[in-house]
file target.cif (mmCIF, C-alpha atoms)
data_target
#
loop_
_atom_site.label_atom_id
_atom_site.label_comp_id
_atom_site.auth_asym_id
_atom_site.auth_seq_id
_atom_site.Cartn_x
_atom_site.Cartn_y
_atom_site.Cartn_z
CA MET A 275 103.32 157.06 90.05
CA VAL A 276 103.90 158.97 93.30
CA ARG A 277 106.27 157.16 95.63
CA SER A 278 105.17 157.62 99.18
CA VAL A 279 107.93 158.12 101.74
CA THR A 280 105.77 157.72 104.83
CA PRO A 281 106.72 154.30 106.18
CA ALA A 282 103.28 153.45 107.50
CA SER A 283 101.19 154.67 104.55
CA PRO A 284 98.59 152.13 103.39
CA HIS A 285 100.15 152.14 99.92
CA VAL A 286 103.57 151.20 101.22
CA LEU A 287 102.15 148.62 103.59
CA ALA A 288 100.11 147.00 100.85
CA LYS A 289 103.09 146.94 98.53
CA ARG A 290 105.26 145.46 101.26
CA GLU A 291 102.63 142.81 101.95
CA ARG A 292 102.41 141.90 98.26
CA ARG A 293 106.18 141.62 98.05
CA ARG A 294 106.26 139.46 101.15
CA THR A 295 103.69 137.11 99.61
CA GLN A 296 105.70 136.99 96.38
CA ILE A 297 108.78 135.96 98.31
CA LEU A 298 106.90 133.19 100.10
CA ARG A 299 105.53 131.91 96.79
CA ALA A 300 108.95 132.00 95.16
CA ALA A 301 110.44 130.18 98.13
CA LEU A 302 107.84 127.43 97.94
CA ARG A 303 108.48 127.01 94.25
CA ALA A 304 112.22 126.75 94.94
CA PHE A 305 111.66 124.29 97.82
CA ARG A 306 109.51 122.17 95.55
CA GLU A 307 112.11 122.14 92.81
CA ARG A 308 115.19 121.37 94.90
CA GLY A 309 114.00 120.33 98.32
CA TYR A 310 114.32 122.66 101.28
CA GLN A 311 117.87 121.68 102.24
CA ALA A 312 119.32 122.24 98.78
CA THR A 313 117.59 125.61 98.29
CA THR A 314 119.57 128.80 98.98
CA LEU A 315 118.37 132.39 99.30
CA ASP A 316 119.99 132.96 95.89
CA HIS A 317 117.66 130.39 94.32
CA ILE A 318 114.67 132.15 95.85
CA ALA A 319 115.93 135.56 94.72
CA GLU A 320 116.44 134.20 91.19
CA HIS A 321 112.75 133.37 90.94
CA LEU A 322 111.96 137.03 91.71
CA ASP A 323 114.68 138.42 89.49
CA VAL A 324 116.25 140.29 92.41
CA ARG A 325 119.46 140.00 94.43
CA LYS A 326 119.57 137.99 97.62
CA THR A 327 120.07 141.17 99.68
CA ALA A 328 116.59 142.37 98.67
CA LEU A 329 115.11 139.45 100.60
CA TYR A 330 116.75 140.58 103.85
CA HIS A 331 114.31 143.50 104.08
CA TYR A 332 111.64 140.90 104.67
CA PHE A 333 113.21 137.81 106.17
CA PRO A 334 116.49 137.34 108.06
CA ASP A 335 117.13 133.83 106.70
CA LYS A 336 115.77 130.78 104.85
CA GLU A 337 114.38 129.19 107.98
CA SER A 338 112.25 132.27 108.71
CA ILE A 339 110.79 132.00 105.22
CA LEU A 340 109.90 128.34 105.74
CA PHE A 341 108.39 129.19 109.12
CA GLU A 342 106.23 131.97 107.64
CA CYS A 343 105.07 129.63 104.85
CA HIS A 344 103.89 127.17 107.50
CA ARG A 345 102.23 129.90 109.57
CA GLU A 346 100.34 131.33 106.62
CA SER A 347 99.04 127.91 105.67
CA LEU A 348 97.91 127.20 109.21
CA ALA A 349 96.15 130.58 109.38
CA GLU A 350 94.36 129.69 106.15
CA LEU A 351 93.28 126.32 107.58
CA ASP A 352 92.00 128.07 110.72
CA ARG A 353 89.82 130.25 108.50
CA LEU A 354 88.45 127.14 106.77
CA VAL A 355 87.63 125.56 110.12
CA THR A 356 85.64 128.65 111.12
CA GLU A 357 83.72 128.47 107.83
CA ALA A 358 83.11 124.74 108.26
CA ARG A 359 81.73 125.21 111.77
CA ALA A 360 79.00 127.44 110.34
CA LEU A 361 77.65 124.42 108.41
CA THR A 362 75.14 122.15 110.11
CA THR A 363 76.04 118.50 109.47
CA PRO A 364 79.35 116.74 110.17
CA ALA A 365 79.43 115.50 106.57
CA ALA A 366 78.99 119.03 105.21
CA ARG A 367 81.70 120.33 107.53
CA LEU A 368 84.13 117.60 106.55
CA ARG A 369 83.30 118.10 102.90
CA HIS A 370 83.97 121.84 103.14
CA LEU A 371 87.37 121.29 104.74
CA ILE A 372 88.41 118.75 102.10
CA VAL A 373 87.31 120.87 99.13
CA GLU A 374 88.88 124.05 100.50
CA HIS A 375 92.04 122.41 101.80
CA VAL A 376 92.62 120.99 98.32
CA ARG A 377 92.14 124.52 96.99
CA VAL A 378 94.76 125.79 99.45
CA MET A 379 97.12 123.12 98.16
CA THR A 380 96.57 123.98 94.52
CA ASP A 381 95.99 127.73 94.57
CA THR A 382 97.73 129.29 97.51
CA LEU A 383 101.44 129.85 97.53
CA ASP A 384 102.21 127.49 94.68
CA GLY A 385 101.88 124.21 96.52
CA SER A 386 101.27 124.31 100.22
CA PRO A 387 104.28 123.95 102.49
CA LEU A 388 102.29 121.73 104.82
CA ALA A 389 103.72 118.76 103.06
CA PHE A 390 107.28 119.93 103.69
CA GLU A 391 109.35 118.90 106.63
CA VAL A 392 109.18 120.92 109.84
CA GLY A 393 112.36 119.22 111.06
CA SER A 394 114.41 122.08 109.64
CA LEU A 395 112.79 124.63 111.95
CA ALA A 396 114.19 125.66 115.34
CA PRO A 397 112.52 123.79 118.23
CA ALA A 398 110.20 126.62 119.35
CA ARG A 399 109.01 127.25 115.78
CA GLN A 400 108.64 123.54 115.15
CA ALA A 401 106.51 123.26 118.29
CA GLU A 402 104.25 126.11 117.13
CA ILE A 403 103.65 124.55 113.69
CA ILE A 404 103.11 121.07 115.12
CA ALA A 405 100.63 122.45 117.67
CA GLY A 406 98.74 124.14 114.82
CA ARG A 407 98.64 120.93 112.82
CA ASP A 408 97.50 118.94 115.85
CA ARG A 409 94.70 121.45 116.38
CA TYR A 410 93.59 121.03 112.77
CA GLU A 411 93.75 117.23 113.00
CA ARG A 412 91.68 117.28 116.19
CA THR A 413 89.03 119.37 114.45
CA LEU A 414 88.84 116.87 111.60
CA ARG A 415 88.58 114.02 114.11
CA ARG A 416 85.80 115.81 115.95
CA PHE A 417 83.81 116.25 112.73
CA ILE A 418 84.16 112.53 112.02
CA ASP A 419 83.29 111.50 115.60
CA ASP A 420 80.24 113.78 115.42
CA GLY A 421 79.21 112.04 112.20
CA ILE A 422 79.58 108.63 113.85
CA ARG A 423 77.38 109.80 116.73
CA THR A 424 74.65 111.07 114.42
CA GLY A 425 74.76 107.79 112.47
CA ALA A 426 75.91 109.47 109.25
CA PHE A 427 79.30 107.76 109.37
CA ARG A 428 80.38 104.21 110.10
CA ALA A 429 82.07 103.57 113.45
CA VAL A 430 85.61 104.02 112.13
CA ASP A 431 88.75 104.93 114.04
CA SER A 432 88.59 108.66 113.38
CA LYS A 433 92.33 109.03 113.84
CA VAL A 434 93.07 106.62 111.00
CA ALA A 435 90.37 108.24 108.86
CA VAL A 436 91.96 111.67 109.37
CA PHE A 437 95.36 110.28 108.37
CA ALA A 438 93.87 108.88 105.16
CA ILE A 439 92.22 112.21 104.34
CA LEU A 440 95.26 114.34 105.14
CA GLY A 441 97.51 111.92 103.27
CA ALA A 442 95.39 112.24 100.15
CA ILE A 443 95.32 116.04 100.44
CA ASN A 444 98.98 116.56 101.32
CA TRP A 445 100.01 114.32 98.44
CA VAL A 446 98.45 116.84 96.05
CA ALA A 447 101.63 118.91 96.46
CA ARG A 448 103.57 116.03 94.89
CA TRP A 449 101.60 115.59 91.71
CA TYR A 450 99.54 118.70 91.04
CA ARG A 451 100.71 120.98 88.26
CA ALA A 452 98.82 124.25 87.70
CA GLU A 453 99.37 123.88 83.94
CA GLY A 454 97.98 120.31 83.96
CA ALA A 455 94.65 119.14 82.60
CA LEU A 456 92.98 118.67 85.99
CA ARG A 457 90.99 121.59 87.41
CA ALA A 458 91.56 122.28 91.10
CA ASP A 459 87.80 122.52 91.76
CA ASP A 460 87.18 119.12 90.21
CA ILE A 461 89.92 117.54 92.27
CA GLY A 462 88.46 118.98 95.49
CA ALA A 463 84.94 117.85 94.66
CA GLN A 464 86.02 114.33 93.74
CA PHE A 465 88.24 114.06 96.83
CA ALA A 466 85.26 115.09 98.99
CA ASP A 467 82.93 112.56 97.33
CA HIS A 468 85.57 109.85 97.70
CA LEU A 469 86.76 110.61 101.23
CA VAL A 470 83.47 111.64 102.85
CA GLY A 471 81.49 109.05 100.90
CA GLY A 472 83.84 106.31 102.09
CA LEU A 473 82.91 107.05 105.69
CA ALA A 474 79.16 107.07 105.08
CA ALA A 475 77.12 104.48 106.92
CA PRO A 476 75.42 102.00 104.57
CA ARG A 477 71.83 103.06 103.98
CA ARG A 478 70.35 100.11 105.83
CA ARG A 479 72.45 100.72 108.92
CA ARG A 480 71.64 104.40 108.93
CA VAL A 481 67.93 103.69 108.76
CA ALA A 482 68.27 101.10 111.53
CA ALA A 483 70.16 103.58 113.68
CA GLN A 484 67.42 106.17 113.19
CA ARG A 485 64.70 103.67 114.06
CA SER A 486 66.32 102.42 117.25
CA ARG A 487 66.85 105.91 118.52
CA ARG A 488 64.52 105.65 121.49
CA ALA A 489 67.17 106.45 124.06
CA PRO A 490 69.56 108.38 121.92
CA VAL A 491 71.73 109.67 124.72
CA ARG A 492 72.99 106.28 125.96
CA ARG A 493 73.60 104.85 122.51
CA THR A 494 75.40 108.00 121.55
CA ARG A 495 77.63 107.78 124.57
CA LYS A 496 78.65 104.21 123.72
CA GLU A 497 79.51 105.15 120.17
CA THR A 498 81.80 107.94 121.28
CA ALA A 499 84.16 105.78 123.32
CA MET D 7 128.80 77.34 113.78
CA VAL D 8 130.82 76.16 110.76
CA ARG D 9 131.91 79.07 108.57
CA SER D 10 131.68 78.06 104.97
CA VAL D 11 134.42 79.34 102.70
CA THR D 12 132.73 78.37 99.43
CA PRO D 13 131.55 81.68 98.01
CA ALA D 14 128.45 80.29 96.37
CA SER D 15 127.25 78.03 99.18
CA PRO D 16 123.57 78.44 100.05
CA HIS D 17 124.49 79.29 103.61
CA VAL D 18 126.76 82.14 102.57
CA LEU D 19 124.30 83.39 100.01
CA ALA D 20 121.47 83.40 102.53
CA LYS D 21 123.60 85.18 105.08
CA ARG D 22 124.66 87.73 102.51
CA GLU D 23 121.03 88.27 101.51
CA ARG D 24 120.02 88.78 105.14
CA ARG D 25 122.81 91.28 105.65
CA ARG D 26 121.82 93.14 102.51
CA THR D 27 118.25 93.41 103.76
CA GLN D 28 119.49 94.63 107.15
CA ILE D 29 121.49 97.37 105.45
CA LEU D 30 118.47 98.48 103.42
CA ARG D 31 116.33 98.57 106.55
CA ALA D 32 118.97 100.51 108.47
CA ALA D 33 119.30 102.95 105.58
CA LEU D 34 115.56 103.57 105.46
CA ARG D 35 115.50 104.18 109.18
CA ALA D 36 118.36 106.67 108.81
CA PHE D 37 116.69 108.37 105.81
CA ARG D 38 113.51 108.70 107.82
CA GLU D 39 115.31 110.21 110.76
CA ARG D 40 117.46 112.75 108.93
CA GLY D 41 116.19 112.97 105.41
CA TYR D 42 118.11 111.37 102.54
CA GLN D 43 120.41 114.32 101.85
CA ALA D 44 121.61 114.67 105.43
CA THR D 45 122.23 110.92 105.87
CA THR D 46 125.76 109.59 105.47
CA LEU D 47 127.03 106.01 105.15
CA ASP D 48 128.36 106.46 108.69
CA HIS D 49 124.82 107.04 109.98
CA ILE D 50 123.65 103.87 108.26
CA ALA D 51 126.61 101.89 109.60
CA GLU D 52 125.90 103.18 113.13
CA HIS D 53 122.46 101.61 113.03
CA LEU D 54 124.09 98.25 112.31
CA ASP D 55 126.90 98.71 114.80
CA VAL D 56 129.52 98.24 112.07
CA ARG D 57 132.04 100.48 110.31
CA LYS D 58 131.20 102.23 107.08
CA THR D 59 133.70 100.05 105.18
CA ALA D 60 131.57 96.97 105.95
CA LEU D 61 128.81 98.45 103.78
CA TYR D 62 131.06 98.64 100.72
CA HIS D 63 130.92 94.84 100.37
CA TYR D 64 127.28 95.30 99.48
CA PHE D 65 126.78 98.77 98.03
CA PRO D 66 129.26 101.19 96.44
CA ASP D 67 127.53 104.33 97.73
CA LYS D 68 124.46 105.87 99.35
CA GLU D 69 122.66 106.39 96.08
CA SER D 70 122.90 102.67 95.26
CA ILE D 71 121.29 101.90 98.61
CA LEU D 72 118.40 104.30 97.90
CA PHE D 73 118.01 102.79 94.43
CA GLU D 74 117.85 99.24 95.82
CA CYS D 75 115.29 100.33 98.41
CA HIS D 76 113.09 101.63 95.62
CA ARG D 77 113.60 98.51 93.49
CA GLU D 78 112.72 96.16 96.32
CA SER D 79 109.55 98.07 97.05
CA LEU D 80 108.52 98.05 93.41
CA ALA D 81 109.20 94.30 93.20
CA GLU D 82 106.95 93.84 96.24
CA LEU D 83 104.19 95.90 94.62
CA ASP D 84 104.51 93.83 91.43
CA ARG D 85 103.90 90.71 93.52
CA LEU D 86 100.79 92.30 95.04
CA VAL D 87 99.47 93.17 91.58
CA THR D 88 99.86 89.54 90.51
CA GLU D 89 97.94 88.41 93.59
CA ALA D 90 95.24 91.03 93.01
CA ARG D 91 94.75 89.92 89.40
CA ALA D 92 93.82 86.46 90.67
CA LEU D 93 90.74 87.98 92.34
CA THR D 94 87.57 88.34 90.31
CA THR D 95 86.00 91.76 90.97
CA PRO D 96 87.60 95.17 90.53
CA ALA D 97 86.59 96.09 94.10
CA ALA D 98 88.27 92.97 95.52
CA ARG D 99 91.40 93.65 93.48
CA LEU D 100 91.59 97.27 94.60
CA ARG D 101 90.92 96.25 98.17
CA HIS D 102 93.73 93.69 98.10
CA LEU D 103 96.21 96.24 96.79
CA ILE D 104 95.28 98.81 99.43
CA VAL D 105 95.44 96.36 102.36
CA GLU D 106 98.72 94.83 101.22
CA HIS D 107 100.33 98.08 100.16
CA VAL D 108 99.64 99.46 103.64
CA ARG D 109 101.28 96.32 105.02
CA VAL D 110 104.33 96.98 102.83
CA MET D 111 104.47 100.50 104.24
CA THR D 112 104.23 99.38 107.85
CA ASP D 113 106.06 96.04 107.86
CA THR D 114 108.63 95.95 105.13
CA LEU D 115 111.92 97.74 105.41
CA ASP D 116 110.87 100.03 108.24
CA GLY D 117 108.77 102.48 106.29
CA SER D 118 108.66 102.16 102.55
CA PRO D 119 111.00 104.33 100.55
CA LEU D 120 108.28 104.93 97.98
CA ALA D 121 107.45 108.13 99.76
CA PHE D 122 111.03 109.37 99.47
CA GLU D 123 112.32 111.51 96.67
CA VAL D 124 113.69 109.87 93.56
CA GLY D 125 115.30 113.17 92.55
CA SER D 126 118.53 112.10 94.21
CA LEU D 127 118.98 109.16 91.85
CA ALA D 128 121.01 109.27 88.64
CA PRO D 129 118.80 109.84 85.55
CA ALA D 130 118.75 106.21 84.32
CA ARG D 131 117.90 104.90 87.79
CA GLN D 132 115.31 107.61 88.29
CA ALA D 133 113.72 106.62 85.00
CA GLU D 134 113.55 102.96 86.03
CA ILE D 135 111.84 103.76 89.34
CA ILE D 136 109.43 106.24 87.80
CA ALA D 137 108.51 103.71 85.09
CA GLY D 138 107.81 101.15 87.82
CA ARG D 139 105.61 103.58 89.71
CA ASP D 140 103.77 104.56 86.55
CA ARG D 141 103.11 100.89 85.84
CA TYR D 142 101.66 100.45 89.32
CA GLU D 143 99.52 103.58 89.00
CA ARG D 144 98.20 102.38 85.66
CA THR D 145 97.21 99.06 87.22
CA LEU D 146 95.29 100.85 89.97
CA ARG D 147 93.59 103.05 87.35
CA ARG D 148 92.64 99.99 85.34
CA PHE D 149 91.04 98.32 88.37
CA ILE D 150 89.01 101.48 89.00
CA ASP D 151 88.02 101.89 85.34
CA ASP D 152 86.96 98.22 85.30
CA GLY D 153 84.81 98.89 88.37
CA ILE D 154 83.20 101.89 86.68
CA ARG D 155 82.42 99.71 83.64
CA THR D 156 80.81 96.96 85.73
CA GLY D 157 78.76 99.57 87.61
CA ALA D 158 80.38 98.80 90.96
CA PHE D 159 82.05 102.23 91.09
CA ARG D 160 80.82 105.74 90.34
CA ALA D 161 82.07 107.39 87.15
CA VAL D 162 85.04 109.12 88.80
CA ASP D 163 88.22 110.36 87.18
CA SER D 164 90.29 107.27 87.92
CA LYS D 165 93.53 109.25 87.81
CA VAL D 166 92.39 111.54 90.64
CA ALA D 167 91.06 108.54 92.58
CA VAL D 168 94.43 106.81 92.31
CA PHE D 169 96.20 109.94 93.56
CA ALA D 170 93.88 110.05 96.58
CA ILE D 171 94.53 106.37 97.35
CA LEU D 172 98.29 106.56 96.88
CA GLY D 173 98.44 109.79 98.88
CA ALA D 174 96.68 108.15 101.81
CA ILE D 175 98.96 105.10 101.60
CA ASN D 176 102.24 106.92 101.07
CA TRP D 177 101.45 109.25 103.95
CA VAL D 178 101.54 106.22 106.28
CA ALA D 179 105.34 106.52 106.21
CA ARG D 180 105.00 109.94 107.86
CA TRP D 181 102.89 109.00 110.85
CA TYR D 182 103.09 105.24 111.42
CA ARG D 183 105.16 104.07 114.37
CA ALA D 184 105.58 100.32 114.87
CA GLU D 185 105.45 100.82 118.63
CA GLY D 186 102.22 102.83 118.39
CA ALA D 187 98.74 101.71 119.42
CA LEU D 188 97.44 101.16 115.89
CA ARG D 189 97.75 97.68 114.37
CA ALA D 190 98.93 97.59 110.78
CA ASP D 191 96.17 95.14 109.79
CA ASP D 192 93.49 97.42 111.19
CA ILE D 193 94.88 100.40 109.32
CA GLY D 194 94.89 98.46 106.04
CA ALA D 195 91.34 97.20 106.53
CA GLN D 196 89.99 100.63 107.42
CA PHE D 197 91.84 102.28 104.53
CA ALA D 198 90.30 99.71 102.16
CA ASP D 199 86.77 100.27 103.53
CA HIS D 200 87.26 104.03 103.30
CA LEU D 201 88.96 104.26 99.93
CA VAL D 202 87.13 101.49 98.05
CA GLY D 203 83.82 102.30 99.75
CA GLY D 204 84.13 105.93 98.69
CA LEU D 205 84.17 104.88 95.05
CA ALA D 206 81.16 102.57 95.34
CA ALA D 207 78.14 103.44 93.25
CA PRO D 208 75.08 104.34 95.33
CA ARG D 209 72.88 101.28 95.82
CA ARG D 210 70.16 102.53 93.53
CA ARG D 211 72.51 103.14 90.65
CA ARG D 212 74.16 99.76 91.07
CA VAL D 213 70.80 98.01 91.06
CA ALA D 214 69.83 99.94 87.94
CA ALA D 215 73.06 98.91 86.26
CA GLN D 216 72.43 95.28 87.15
CA ARG D 217 68.86 95.38 85.85
CA SER D 218 69.85 96.71 82.49
CA ARG D 219 72.27 93.89 81.96
CA ARG D 220 70.96 91.08 79.78
CA ALA D 221 73.66 88.52 80.52
CA PRO D 222 73.17 87.58 84.19
CA VAL D 223 75.84 84.87 84.14
CA ARG D 224 78.62 87.38 83.73
CA ARG D 225 77.17 89.52 86.48
CA THR D 226 76.97 86.62 88.91
CA ARG D 227 80.49 85.57 88.25
CA LYS D 228 81.85 89.07 88.81
CA GLU D 229 79.77 89.87 91.87
CA THR D 230 80.48 86.66 93.81
CA ALA D 231 84.13 87.23 94.49
#
call {"tool": "encode", "arguments": {"input": "target.cif", "output": "structure tokens"}}
result
Amino acid sequence: MVRSVTPASPHVLAKRERRRTQILRAALRAFRERGYQATTLDHIAEHLDVRKTALYHYFPDKESILFECHRESLAELDRLVTEARALTTPAARLRHLIVEHVRVMTDTLDGSPLAFEVGSLAPARQAEIIAGRDRYERTLRRFIDDGIRTGAFRAVDSKVAVFAILGAINWVARWYRAEGALRADDIGAQFADHLVGGLAAPRRRRVAAQRSRRAPVRRTRKETA
Amino acid sequence: MVRSVTPASPHVLAKRERRRTQILRAALRAFRERGYQATTLDHIAEHLDVRKTALYHYFPDKESILFECHRESLAELDRLVTEARALTTPAARLRHLIVEHVRVMTDTLDGSPLAFEVGSLAPARQAEIIAGRDRYERTLRRFIDDGIRTGAFRAVDSKVAVFAILGAINWVARWYRAEGALRADDIGAQFADHLVGGLAAPRRRRVAAQRSRRAPVRRTRKETA
């Protein structure tokens, strides 16, 4: 194979990108095995069968690797939110996020780092990741509040509902094993049935809400508060 | 106040028990703040406004404190299981466990240690805690499987359902703040509605299941609770 020497050639860039992703995956595996604190760059390098120095071409230190893991996951969640917004009902949007977020947890980067502590990051980086998470949580809340307004969901506290949903999803990192008997798709589908279904308004109430919708604007406003 | 010198007097024992509980609470607070690895006995002692040496009357080391935190939580969960078994329907049993387990997370010992790693415990202790957790998980699975059999719940994979429920509950340790606006009781009730409701068989299917049953007495007894 011809080795390109042009730094910016697409081949080199693609290779570099693949390597970068491999390092992030190896790091997440190491963090999972030992916990972030106890993991060293040597442990990460071991997973890739390289020396620690090879990692320095990509990341200056362990914290930068953790930070990039978090950023990649947040970017992935942002993509899911964009997809979800293209769907028409709040229930469908929420369902999409749950199914796909579970997929992110099981497929991407060997266990999402979202479940790992951000406390180890420098303040500015911590703030960026927390802001990203808050944005994602607000989107989930909005989907649920929208569903309450349309009468599809019960009048729950959407904040608490989001915590339940994210707790269930984040916990996947603790128990999921790729080599296990459970298929990632099945987990996502059942989580969506369970966690969206549990918010659904009972049939009678939904029908009643539809019937009484003579002045939908005022009722809607009350339900939002 | 009279200071008893008899080692086994009820007064001394009660005082000792209170102090022990205070240490466990202080330890959990410290573990939450810094993570288990980064916490020292000095940090725990600081919370109690005593010197580290005062802790040695109760626990030989940090690991023993973590172990006792886990054991106390498991003992509490065992009590909840006993209470739940006294209820008559699978849904009521599951509901009781969710509401009360959330209470354990919010009220007892300043954030349950169940969400913390057991990896730091010596193998024999780790095995004891994991066995206790497995026992609890099996109980939850049994309640769900019972509900599927009676037609109250959809035919879900009870293992995945238990992971969703425990994920939601364990995650409480990450976001709950006693001084926050959310009341622990309200969280438990909403979690139960959400997580038991999400397993409920659609009305039509439940009615169908009831119709096909020849022995109405059993049905009545189960459904009343």
call {"tool": "calpha_fit_rmsd", "arguments": {"input": "target.cif", "fixed": "chain A", "moving": "chain D"}}
result
3.6 Å
call {"tool": "closest_atom_pairs", "arguments": {"input": "target.cif", "of": "chain D", "to": "chain A", "cutoff": "6 Å", "atoms": "all atoms listed in the file", "output": "CSV"}}
result
residue,atom,partner,partner_atom,distance
D:Ala170,CA,A:Ala442,CA,4.5
D:Gly173,CA,A:Ala442,CA,4.1
D:Ala174,CA,A:Gly441,CA,4.1
D:Trp177,CA,A:Gly441,CA,4.8
D:His200,CA,A:Gly472,CA,4.3
D:Leu201,CA,A:Gly472,CA,5.9
D:Gly203,CA,A:Gly472,CA,4.6
D:Gly204,CA,A:Gly472,CA,3.4
D:Leu205,CA,A:His468,CA,5.8
call {"tool": "closest_residue", "arguments": {"input": "target.cif", "among": "D:Glu134, D:Asp140, D:Asp48, D:Glu78", "to": "Ala32 in chain D", "atoms": "only C-alpha atoms"}}
result
D:Asp48
call {"tool": "atom_distance", "arguments": {"input": "target.cif", "atom1": "CA of Ala137 in chain D", "atom2": "CA of Met111 in chain D"}}
result
19.8 Å
call {"tool": "axis_aligned_box", "arguments": {"input": "target.cif", "around": "range 413-429 of chain A", "padding_each_side": "5 Å", "output": "lines of an AutoDock Vina configuration file"}}
result
center_x = 81.8
center_y = 111.5
center_z = 113.0
size_x = 24.4
size_y = 25.8
size_z = 17.5
call {"tool": "residues_around", "arguments": {"input": "target.cif", "residues": "Glu350 in chain A", "least_positions_apart": "3", "cutoff": "10 Å", "atoms": "all atoms listed in the file", "output": "list in words"}}
result
His344, Arg345, Glu346, Ser347, Arg353, Leu354, Val355, Glu374, His375, Val378 and Thr382 of chain A
call {"tool": "resolve_selection", "arguments": {"input": "target.cif", "expression": "the PyMOL selection byres ((chain A and resi 411-420) around 7)", "output": "PyMOL selection string"}}
result
chain A and resi 364+367-368+407-410+421-424+432-433+436+498
call {"tool": "write_last_selection", "arguments": {"input": "target.cif", "atoms": "C-alpha atoms", "output": "PDB file, in the coordinates of the input"}}
result
ATOM      1  CA  PRO A 364      79.350 116.740 110.170  1.00  0.00           C
ATOM      2  CA  ARG A 367      81.700 120.330 107.530  1.00  0.00           C
ATOM      3  CA  LEU A 368      84.130 117.600 106.550  1.00  0.00           C
ATOM      4  CA  ARG A 407      98.640 120.930 112.820  1.00  0.00           C
ATOM      5  CA  ASP A 408      97.500 118.940 115.850  1.00  0.00           C
ATOM      6  CA  ARG A 409      94.700 121.450 116.380  1.00  0.00           C
ATOM      7  CA  TYR A 410      93.590 121.030 112.770  1.00  0.00           C
ATOM      8  CA  GLY A 421      79.210 112.040 112.200  1.00  0.00           C
ATOM      9  CA  ILE A 422      79.580 108.630 113.850  1.00  0.00           C
ATOM     10  CA  ARG A 423      77.380 109.800 116.730  1.00  0.00           C
ATOM     11  CA  THR A 424      74.650 111.070 114.420  1.00  0.00           C
ATOM     12  CA  SER A 432      88.590 108.660 113.380  1.00  0.00           C
ATOM     13  CA  LYS A 433      92.330 109.030 113.840  1.00  0.00           C
ATOM     14  CA  VAL A 436      91.960 111.670 109.370  1.00  0.00           C
ATOM     15  CA  THR A 498      81.800 107.940 121.280  1.00  0.00           C
TER      16      THR A 498
END
call {"tool": "atom_distance", "arguments": {"input": "target.cif", "atom1": "CA of Leu302 in chain A", "atom2": "CA of Lys336 in chain A"}}
result
11.0 Å
call {"tool": "resolve_selection", "arguments": {"input": "target.cif", "expression": "the PyMOL selection byres ((chain D and resi 62) around 12)", "output": "list in words"}}
result
Arg26, Ile29, Leu47, Asp48, Ile50, Ala51, Val56, Arg57, Lys58, Thr59, Ala60, Leu61, His63, Tyr64, Phe65, Pro66, Asp67, Lys68, Ser70 and Ile71 of chain D
call {"tool": "atom_distance", "arguments": {"input": "target.cif", "atom1": "CA of Tyr310 in chain A", "atom2": "CA of Leu298 in chain A"}}
result
12.9 Å
call {"tool": "closest_residue", "arguments": {"input": "target.cif", "among": "D:Ala36, D:Ala133, D:Ala158, D:Leu103", "to": "His53 in chain D", "atoms": "only C-alpha atoms"}}
result
D:Ala36
call {"tool": "decode", "arguments": {"input": "target.cif", "residues": "range 182-195 of chain D", "atoms": "C-alpha atoms", "output": "PDB file, in the first residue's frame"}}
result
ATOM      1  CA  TYR D 182     -31.359  14.154  44.252  1.00  0.00           C
ATOM      2  CA  ARG D 183     -30.601  16.956  46.683  1.00  0.00           C
ATOM      3  CA  ALA D 184     -32.409  16.957  50.026  1.00  0.00           C
ATOM      4  CA  GLU D 185     -32.588  20.743  49.923  1.00  0.00           C
ATOM      5  CA  GLY D 186     -34.088  20.707  46.416  1.00  0.00           C
ATOM      6  CA  ALA D 187     -37.666  21.508  45.452  1.00  0.00           C
ATOM      7  CA  LEU D 188     -38.714  17.909  44.805  1.00  0.00           C
ATOM      8  CA  ARG D 189     -40.276  15.942  47.661  1.00  0.00           C
ATOM      9  CA  ALA D 190     -39.019  12.398  48.055  1.00  0.00           C
ATOM     10  CA  ASP D 191     -42.577  11.035  48.373  1.00  0.00           C
ATOM     11  CA  ASP D 192     -43.626  12.668  45.131  1.00  0.00           C
ATOM     12  CA  ILE D 193     -40.631  11.251  43.309  1.00  0.00           C
ATOM     13  CA  GLY D 194     -41.405   7.739  44.564  1.00  0.00           C
ATOM     14  CA  ALA D 195     -45.075   7.978  43.615  1.00  0.00           C
TER      15      ALA D 195
END
